[in-house]
Amino acid sequence: MPADHGDEAELFARVDALLADLSAKRIPLPPPLERARLRTAAGLSTAQLADVLGCLTEDIEAWETGAQEPLAARRAAYARLLQGLKTLQQPEHQGPPPRQVPTPTTSLRAGKKAEQPSLFPTTTPVTSTPRSQAAPVQTVQPTGPLAVIDHASALTAHFTNGSQLPLDADDLASLLQWTLRSGLRRDKLSPQGLDSDCDPLIVLTPAASAALNLPAALDDRARLRLPDSHPVITHLQQAGFSLTRRGFGPWPRVFRPITNNKRASVQLAITAWGALSQDGWNLPPLSPTDLARILGLYSDRLLTPRGSTAVCGEELMTALRPPTRAHRDPDNGRWSSAPNPRGLHTALEPAPPEAPDAHPLARGRLPEQAMDEEAWDWTRPPSDQETTEFPHVVGLDTNLSFAAAASGLPVGLNAPPRHVLAPTFDKKIPGAWFCDLSHATLDPRLPSPFTATGQAPTGPAWYTTPTLDYARELEIEVRPMEAYLRDDHGPYLTSWYDRIRDAYLATMAELGVHQKIPQADYLAAMKKLATADPALLGLLAAIKATAKGGLGKLREGPRDITAPYTRWSALNKPTWRPDIRAAVVSRARVTLHRKMRKMGEETGRYPLAVLSDCALYPAHEPNALNVVPTGPDQQGVSGFIRLGVNPGFAKEEGVQTMAWYQHQQTQGLNPARYIKNPTA
């Protein structure tokens with residue numbers, strides 16, 4: 001019999017809800033591909049739409065592929081949003097296109113006394129005006145989130161669109177005053193984002209630094225900051241500017257007190273002191289115009305730079321999943337800031353096994369009580385058959401392996417871990433589990449998926465949820481003895497990965513390496529990569545370093561030499577989460593093991609060595625195509641290692657002889673570390 005649904009009022013409510021769903025289904029939506037086109041044309045990410053519509057990024061992706069359709073009120077809101085995007089993209093009626101005229105020889109200069117700065121690039125678009133003028137000129141405002149400041153005869157600002165503006169500024173204070181009036185800024189990556197996400201970036205070339213009386217190098221190499229008594233800092237203070245606690249180093253942030261709820265803050269990058277040439281940045285020497293262009297692309301695709309690539313990776317996480325959000329009090333209607341349940345807003349202590357060795361919780365801990373969820377460093381000697389049959393070894397390196405592993409991964413959010421004895425394993429709950437997997441029978445031709453050394457475990461150990469879930473996939477008995485479980489969880493890093501992925505693929509496409517091409521064409525395109533635009537290659541390296549460094553920040557260690565088991569500053573950040581990093585590393589490791597296992601079962605070919613996300617395979621020919629199956633469409637086989645540009649796919653890392661491999665291996669070295677640069 002049907003369940004009793006209660007009284008008449010409840011039944012009517014259920015009927016009304018059903019009718020509302022049916023009515024919503026009649027609201028027309030553009031075809032799925034058009035939905036994706038409208039979003040990308042507007043420069044919006046799936047994460048931004050998800051935040052606005054109150055759903056998951058996976059929902060947006062499903063709607064844009066036609067896998068699912070939105071229902072009820074969310075369908076109506078989605079339809080309204082798409083119609084708005086379509087309207088915004090319809091060009092308004094305009095007159096004839098602007099003509100190009102040379103810049104007047106005597107140009108106005110923007111400076112500290114100007115209310116609105118003027119911009120006169122080499123050729124300035126101008127339009128006719130009804131007034132009778134001999135030479136009508138249209139002022140063009142500074143544009144973009146940043147400017148590169150150079151100096152020849154005067155300070156000149158270079159913007160991301162290639163335009164330039166001479167500045168009437170002769171000291172750092174007046175340059176900052178111009179910046180705050182200029183309108184340089186970027187939009188928040190999330191509606192709940194912090195105001196600091198919008199702050200402009202000013203990049204000083206060495207020539208500009210010298211013109212602003214900054215030293216060519218920092219004398220304080222330990223703290224990497226200008227002395228507080230330096231005349232430049234004194235002048236800034238006299239002009240009403242303050243510095244953050246980091247002081248004035250390669251990436252200083254300078255601000256004025258908030259007035260009328262408006263920020264007055266500027267991020268600086270001092271290239272003479274190593275900004276943009278160290279700490280993950282490895283940009284080649286570039287002209288100010290090219291530097292502004294590349295940094296503009298990085299800002300558009302990721303975020304405005306504000307420090308090392310690791311800092312940018314961490315800041316990107318909080319920009320997409322802010323720690324706070326606006327909350328309206330239902331009683332008085334007032335808005336205030338409240339914790340964002342989808343972000344990380346609370347600094348948490350790790351579970352004891354998750355704590356790094358330097359952490360206070362590690363004092364007195366036995367080595368076997370520490371979690372060791374790290375990437376592989378494993379080798380094995382080739383068999384006699386492999387030595388005879390295969391004269392070559394080929395390295396296959398996974399693209400953005402760890403970032404890809406973060407996508408959709410449930411991780412703990414803002415509640416402390418719950419300690420449980422004799423728990424029943426649940427793959428849906430992130431946590432640390434103490435379990436004995438030493439009884440497992442493993443293929444010696446593969447590294448163990450349960451240890452960083454690749455050797456089989458010898459007793460109980462602490463594992464993350466992805467590792468134990470994979471053990472069950474291998475039909476290994478999983479019976480945890482205790483666990484630290486995180487009941488408050490969600491896919492915190494998914495939107496972060498989406499933005500990293502899109503930035504990486506867009507840059508690779510500009511470099512001539514595209515998605516969904518045959519594996520042979522991909523290898524050919526990658527061989528041409530070394531001769532591509534050095535500026536774009538620098539951008540690509542910065543994007544990859546941002547992904548790697550951002551994940552590393554989740555378990556940032558002490559910067560200075562301190563006494564053992566002494567707390568360090570990073571422990572006070574909500575984003576210091578070694579448990580999240582461990583889960584990401586675990587998932588990347590078992591994902592690669594799954595691919596190698598399936599490929600071995602199908603082809604009989606097994607890896608000889610693995611270092612992190614690079615696997616070395618024996619080969620008949622010195623080519624990755626000899627190792628990786630081609631598949632029916634020449635794009636590889638799903639579930640195997642595949643060659644391609646996508647994150648999670650692989651590239652050819654290097655090729656050497658089997659004799660070279662044997663020599664490296666007998667020397668106690670991991671050949672996967674050196675296959676790309678064998679003489680390094």
# chains A, B, ... in the order shown; residues from 1 in each chain; ligands from 1
$ select_by_dssp --residues "segment 265-357 of chain A" --states "strand (DSSP E or B)" --output "tab-separated table (two decimals) with C-alpha atoms, in the first residue's frame"
chain	number	residue	atom	x	y	z
A	265	SER	CA	45.39	48.78	-1.55
A	266	VAL	CA	48.03	48.03	-4.19
A	267	GLN	CA	50.11	44.90	-4.74
A	268	LEU	CA	53.66	45.54	-5.95
A	269	ALA	CA	56.13	43.20	-7.66
A	270	ILE	CA	59.77	44.30	-7.57
A	324	THR	CA	33.12	34.08	4.33
A	325	ARG	CA	29.92	35.00	2.56
A	326	ALA	CA	27.19	37.60	2.93
A	327	HIS	CA	24.42	36.63	5.34
A	328	ARG	CA	21.10	38.38	5.81
A	335	TRP	CA	23.55	41.94	5.96
A	336	SER	CA	26.71	40.78	7.66
A	337	SER	CA	29.70	38.52	7.01
A	338	ALA	CA	29.28	34.87	7.97
A	339	PRO	CA	31.39	31.73	7.52
$ residues_around --residues "Leu539 of chain A" --least-positions-apart "2" --cutoff "10 Å" --atoms "only C-alpha atoms" --output "ChimeraX atom specification"
/A:281-284,294-295,297-298,503-504,507-508,533-537,541-545
$ atom_distance --atom1 "atom CA of His593 of chain A" --atom2 "atom CA of Gly490 of chain A"
24.8 Å
$ select_by_dssp --residues "segment 395-549 of chain A" --states "helix (DSSP H, G or I)" --output "number ranges by chain"
A: 401-406, 465-473, 494-510, 519-527, 529-531, 534-549
$ residues_around --residues "Ala355 of chain A" --least-positions-apart "5" --cutoff "8 Å" --atoms "only C-alpha atoms" --output "list in words"
Pro350, Leu361, Ala362, Ala370 and Pro578 of chain A
$ residues_around --residues "segment 187-204 of chain A" --least-positions-apart "4" --cutoff "8 Å" --atoms "only C-alpha atoms" --output "count of residues only"
33
$ residues_around --residues "Pro574 of chain A" --least-positions-apart "4" --cutoff "10 Å" --atoms "only C-alpha atoms" --output "list in words"
Thr318, Pro323, Gly343, Leu344, His345, Thr346, Ala347, Leu348, Glu349, Leu413, Asn414, Leu554 and Ala570 of chain A
$ atom_distance --atom1 "atom CA of Tyr661 of chain A" --atom2 "atom CA of Gln455 of chain A"
19.8 Å
$ residues_around --residues "Ala650 of chain A" --least-positions-apart "6" --cutoff "12 Å" --atoms "only C-alpha atoms" --output "ChimeraX atom specification"
/A:394-401,519,522-523,526,592,595,613-616,624-625,627-628,635-636,640-644
$ write_last_selection --atoms "C-alpha atoms" --output "compact mmCIF listing (two decimals), in the first residue's frame"
# COMPACT_ATOMS: atom_id res chain seq x y z
CA VAL A 394 60.49 5.37 -22.45
CA GLY A 395 59.32 7.79 -19.78
CA LEU A 396 55.60 8.64 -19.60
CA ASP A 397 54.85 11.70 -17.46
CA THR A 398 51.28 12.48 -16.37
CA ASN A 399 50.07 16.01 -17.08
CA LEU A 400 48.98 17.93 -13.95
CA SER A 401 48.63 14.61 -12.16
CA GLN A 519 48.45 10.37 -30.17
CA TYR A 522 50.23 15.01 -30.10
CA LEU A 523 53.80 13.71 -29.87
CA MET A 526 55.06 18.38 -28.29
CA LEU A 592 48.21 5.79 -11.85
CA LYS A 595 46.09 2.54 -15.22
CA ASP A 613 53.86 10.79 -11.75
CA CYS A 614 56.51 9.62 -14.27
CA ALA A 615 56.63 5.92 -15.20
CA LEU A 616 59.40 4.23 -17.21
CA ALA A 624 56.06 6.33 -26.57
CA LEU A 625 53.72 5.01 -29.27
CA VAL A 627 54.32 1.50 -25.27
CA VAL A 628 50.84 3.06 -25.20
CA GLN A 635 43.61 8.59 -29.11
CA GLY A 636 44.50 5.80 -26.72
CA PHE A 640 45.04 3.03 -19.70
CA ILE A 641 47.87 5.54 -19.80
CA ARG A 642 46.99 7.74 -22.78
CA LEU A 643 49.04 10.30 -24.68
CA GLY A 644 47.39 13.69 -24.91
$ atom_distance --atom1 "atom CA of Glu601 of chain A" --atom2 "atom CA of Tyr617 of chain A"
14.4 Å
$ closest_residue --among "A:Ala351, A:Ala375, A:Ala292, A:Ala403" --to "Ala415 of chain A" --atoms "only C-alpha atoms"
A:Ala351
$ closest_residue --among "A:Ser495, A:Thr156, A:Gln237, A:Gln515" --to "Ala211 of chain A" --atoms "only C-alpha atoms"
A:Thr156
